[in-house]
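J.: Please read through the structure below; I'll follow up with questions.
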Amino acid sequence: MTVVAETLRMATLQQLGASAPLVQLAMGECLHEVFRTVCLGPAFLAYHGARAPDGPPWVPLWDRGSRVTGLRAHPDGLEFVEFSVEDPRAFERIALTEQGFWLTRFDALYENDVPEDALHEAARRVGFRYLDQHLAAREETEERLSTFSDHRLWLQGLVASIDQQAAGA
């Protein structure tokens with residue numbers, strides 16, 4: 001994937017329709033302390049020597065460890081992607097809407113034992129509308145999520161459902 005020039009990063013995010021809170025986090029403005037560990041820019045690796053996968057242009061949001069998270073245009077709207085700089089060919093589509101993307105971030109926060117009141121406040125700050133649905137689904141299926149693979153498949157299915165709901169809203 002071709003990386004959008006760093007000087008065009010914020011303007012491109014806005015042109016793609018990223019929400020103001022997502023743009024603020026990508027710029028490095030910490031809207032709530034819980035985001036500091038899972039989604040806070042600015043992106044560094046994509047602009048300092050990391051190889052990126054082949055494909056359409058994309059805009060890096062941020063990186064954590066060796067993982068880079070970004071956004072690109074998709075025929076149906078947006079596509080949130082993630083990859084490891086150690087194996088850029090193995091990029092992963094994580095969501096097709098911002099709401100589906102937030103689901104993945106809030107699931108990571110849940111996994112990190114962030115208190116529910118902090119999750120609700122953080123969700124309010126970024127406009128994530130499906131937190132209660134996520135928490136209910138999580139409670140309902142918690143016992144069946146015993147392996148990484150089980151959790152990954154469950155999360156992918158829930159993201160697809162949220163993407164459909166958000167696209168229809």
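Following the order of the structure tokens, chains are lettered A, B, ..., residues in each are numbered from 1, and ligands are numbered from 1.
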For Phe128 (chain A), list every protein, DNA or RNA residue within 12 Å, evaluated using only C-alpha atoms, and leave out those in the same chain fewer than 6 positions away; present the list as a ChimeraX atom specification.
T.: /A:19,21-22,97-106,119-122,134,162,166
J.: Determine, counting only C-alpha atoms, which protein, DNA and RNA residues have an atom within 8 Å of an atom of Pro57 (chain A); residues of the same chain fewer than 4 positions away are not included. Present the result as a list of chain:residue names.
T.: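 My reading of the contact set: A:Met1, A:Thr2, A:Val3, A:Val4, A:Arg72, A:Ala73.
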J.: Taking N, CA, C and O atoms for each residue, export the selection above as a PDB file, in the first residue's frame.
T.:
```pdb
ATOM      1  N   MET A   1       0.850  -1.179   0.000  1.00  0.00           N
ATOM      2  CA  MET A   1       0.000   0.000   0.000  1.00  0.00           C
ATOM      3  C   MET A   1       0.889   1.233   0.000  1.00  0.00           C
ATOM      4  O   MET A   1       1.878   1.283   0.713  1.00  0.00           O
ATOM      5  N   THR A   2       0.519   2.184  -0.744  1.00  0.00           N
ATOM      6  CA  THR A   2       1.218   3.450  -0.766  1.00  0.00           C
ATOM      7  C   THR A   2       0.753   4.273   0.423  1.00  0.00           C
ATOM      8  O   THR A   2      -0.441   4.405   0.679  1.00  0.00           O
ATOM      9  N   VAL A   3       1.696   4.827   1.147  1.00  0.00           N
ATOM     10  CA  VAL A   3       1.368   5.642   2.310  1.00  0.00           C
ATOM     11  C   VAL A   3       1.123   7.081   1.855  1.00  0.00           C
ATOM     12  O   VAL A   3       1.938   7.653   1.138  1.00  0.00           O
ATOM     13  N   VAL A   4       0.009   7.662   2.272  1.00  0.00           N
ATOM     14  CA  VAL A   4      -0.282   9.066   1.989  1.00  0.00           C
ATOM     15  C   VAL A   4       0.790   9.908   2.679  1.00  0.00           C
ATOM     16  O   VAL A   4       1.156   9.642   3.830  1.00  0.00           O
ATOM     17  N   ARG A  72      -8.135   3.513   4.657  1.00  0.00           N
ATOM     18  CA  ARG A  72      -8.059   3.777   3.224  1.00  0.00           C
ATOM     19  C   ARG A  72      -9.464   3.751   2.628  1.00  0.00           C
ATOM     20  O   ARG A  72     -10.404   3.244   3.238  1.00  0.00           O
ATOM     21  N   ALA A  73      -9.561   4.303   1.427  1.00  0.00           N
ATOM     22  CA  ALA A  73     -10.837   4.286   0.713  1.00  0.00           C
ATOM     23  C   ALA A  73     -11.121   2.860   0.267  1.00  0.00           C
ATOM     24  O   ALA A  73     -10.216   2.082  -0.020  1.00  0.00           O
TER      25      ALA A  73
END
```
J.: Give me the residues within 10 Å of Cys39 (chain A) as a list in words, counting only C-alpha atoms and dropping any in the same chain fewer than 6 places off.
T.: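 Contacts, in chain order: Leu22, Leu25, Ala26, Gly28, Cys30, Leu61, Trp62, Asp63, Arg64, Thr69, Trp102 and Arg105 of chain A.
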J.: Write the residues of the selection above to a file with N, CA, C and O atoms, as a PDB file, in the first residue's frame.
T.:
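Resulting contents of again-v1.pdb:
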```
ATOM      1  N   LEU A  22     -11.696  10.743  15.811  1.00  0.00           N
ATOM      2  CA  LEU A  22     -10.680   9.859  15.243  1.00  0.00           C
ATOM      3  C   LEU A  22      -9.489  10.679  14.743  1.00  0.00           C
ATOM      4  O   LEU A  22      -8.337  10.322  14.974  1.00  0.00           O
ATOM      5  N   LEU A  25      -7.433  11.896  17.753  1.00  0.00           N
ATOM      6  CA  LEU A  25      -6.586  10.828  18.296  1.00  0.00           C
ATOM      7  C   LEU A  25      -5.397  10.562  17.371  1.00  0.00           C
ATOM      8  O   LEU A  25      -4.272  10.374  17.841  1.00  0.00           O
ATOM      9  N   ALA A  26      -5.632  10.553  16.065  1.00  0.00           N
ATOM     10  CA  ALA A  26      -4.547  10.325  15.109  1.00  0.00           C
ATOM     11  C   ALA A  26      -3.495  11.434  15.199  1.00  0.00           C
ATOM     12  O   ALA A  26      -2.310  11.187  14.983  1.00  0.00           O
ATOM     13  N   GLY A  28      -2.703  12.863  17.943  1.00  0.00           N
ATOM     14  CA  GLY A  28      -2.027  12.728  19.224  1.00  0.00           C
ATOM     15  C   GLY A  28      -2.747  13.374  20.386  1.00  0.00           C
ATOM     16  O   GLY A  28      -2.212  13.429  21.490  1.00  0.00           O
ATOM     17  N   CYS A  30      -5.109  13.086  23.221  1.00  0.00           N
ATOM     18  CA  CYS A  30      -5.676  11.993  24.005  1.00  0.00           C
ATOM     19  C   CYS A  30      -7.031  12.425  24.570  1.00  0.00           C
ATOM     20  O   CYS A  30      -7.106  13.166  25.543  1.00  0.00           O
ATOM     21  N   LEU A  61      -2.939   5.820  11.013  1.00  0.00           N
ATOM     22  CA  LEU A  61      -3.529   6.498  12.166  1.00  0.00           C
ATOM     23  C   LEU A  61      -2.527   6.555  13.306  1.00  0.00           C
ATOM     24  O   LEU A  61      -2.248   7.603  13.858  1.00  0.00           O
ATOM     25  N   TRP A  62      -1.988   5.371  13.661  1.00  0.00           N
ATOM     26  CA  TRP A  62      -1.022   5.252  14.754  1.00  0.00           C
ATOM     27  C   TRP A  62      -0.380   3.886  14.687  1.00  0.00           C
ATOM     28  O   TRP A  62      -0.781   3.043  13.876  1.00  0.00           O
ATOM     29  N   ASP A  63       0.597   3.680  15.529  1.00  0.00           N
ATOM     30  CA  ASP A  63       1.214   2.354  15.637  1.00  0.00           C
ATOM     31  C   ASP A  63       1.407   2.026  17.109  1.00  0.00           C
ATOM     32  O   ASP A  63       1.521   2.907  17.952  1.00  0.00           O
ATOM     33  N   ARG A  64       1.406   0.738  17.386  1.00  0.00           N
ATOM     34  CA  ARG A  64       1.653   0.200  18.728  1.00  0.00           C
ATOM     35  C   ARG A  64       2.587  -0.973  18.565  1.00  0.00           C
ATOM     36  O   ARG A  64       2.243  -1.946  17.888  1.00  0.00           O
ATOM     37  N   THR A  69      -1.830   0.779  12.335  1.00  0.00           N
ATOM     38  CA  THR A  69      -3.257   0.851  12.042  1.00  0.00           C
ATOM     39  C   THR A  69      -3.493   2.016  11.101  1.00  0.00           C
ATOM     40  O   THR A  69      -2.931   3.100  11.290  1.00  0.00           O
ATOM     41  N   TRP A 102     -14.217   1.016  16.035  1.00  0.00           N
ATOM     42  CA  TRP A 102     -14.243   1.300  17.474  1.00  0.00           C
ATOM     43  C   TRP A 102     -14.550   0.044  18.268  1.00  0.00           C
ATOM     44  O   TRP A 102     -14.045  -0.144  19.372  1.00  0.00           O
ATOM     45  N   ARG A 105     -11.375  -1.639  19.094  1.00  0.00           N
ATOM     46  CA  ARG A 105     -10.601  -0.922  20.117  1.00  0.00           C
ATOM     47  C   ARG A 105     -11.227  -1.110  21.499  1.00  0.00           C
ATOM     48  O   ARG A 105     -10.519  -1.317  22.486  1.00  0.00           O
TER      49      ARG A 105
END
```
J.: For Ala46 (chain A), please output as a PyMOL selection string all residues within 8 Å (counting only C-alpha atoms; exclusion window: fewer than 4 positions along the same chain).
T.: chain A and resi 3+50-52+60+68
J.: As number ranges by chain, list the residues of region 13-169 of chain A assigned to helix (DSSP H, G or I) by DSSP on the backbone atoms of this structure.
T.: A: 13-16, 20-27, 33-37, 45-47, 98-111, 116-126, 131-144, 148-168
J.: Check the smallest atom-to-atom distance from each of A:Val81, A:Val126, A:Ala137, A:Val38 to Ala95 (chain A) using only C-alpha atoms, then report the winner.
T.: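 Closest to Ala95 (chain A) of all the choices is A:Val81.
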J.: Calculated over only C-alpha atoms, which of the candidates A:Gly127, A:Leu16, A:Leu40, A:Ala90 has the smallest distance to Pro75 (chain A)?
T.: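 For Pro75 (chain A), the nearest of the candidates is A:Leu16.
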J.: Residues of chain A in strand (DSSP E) according to DSSP, as a count of residues only?
T.: 31
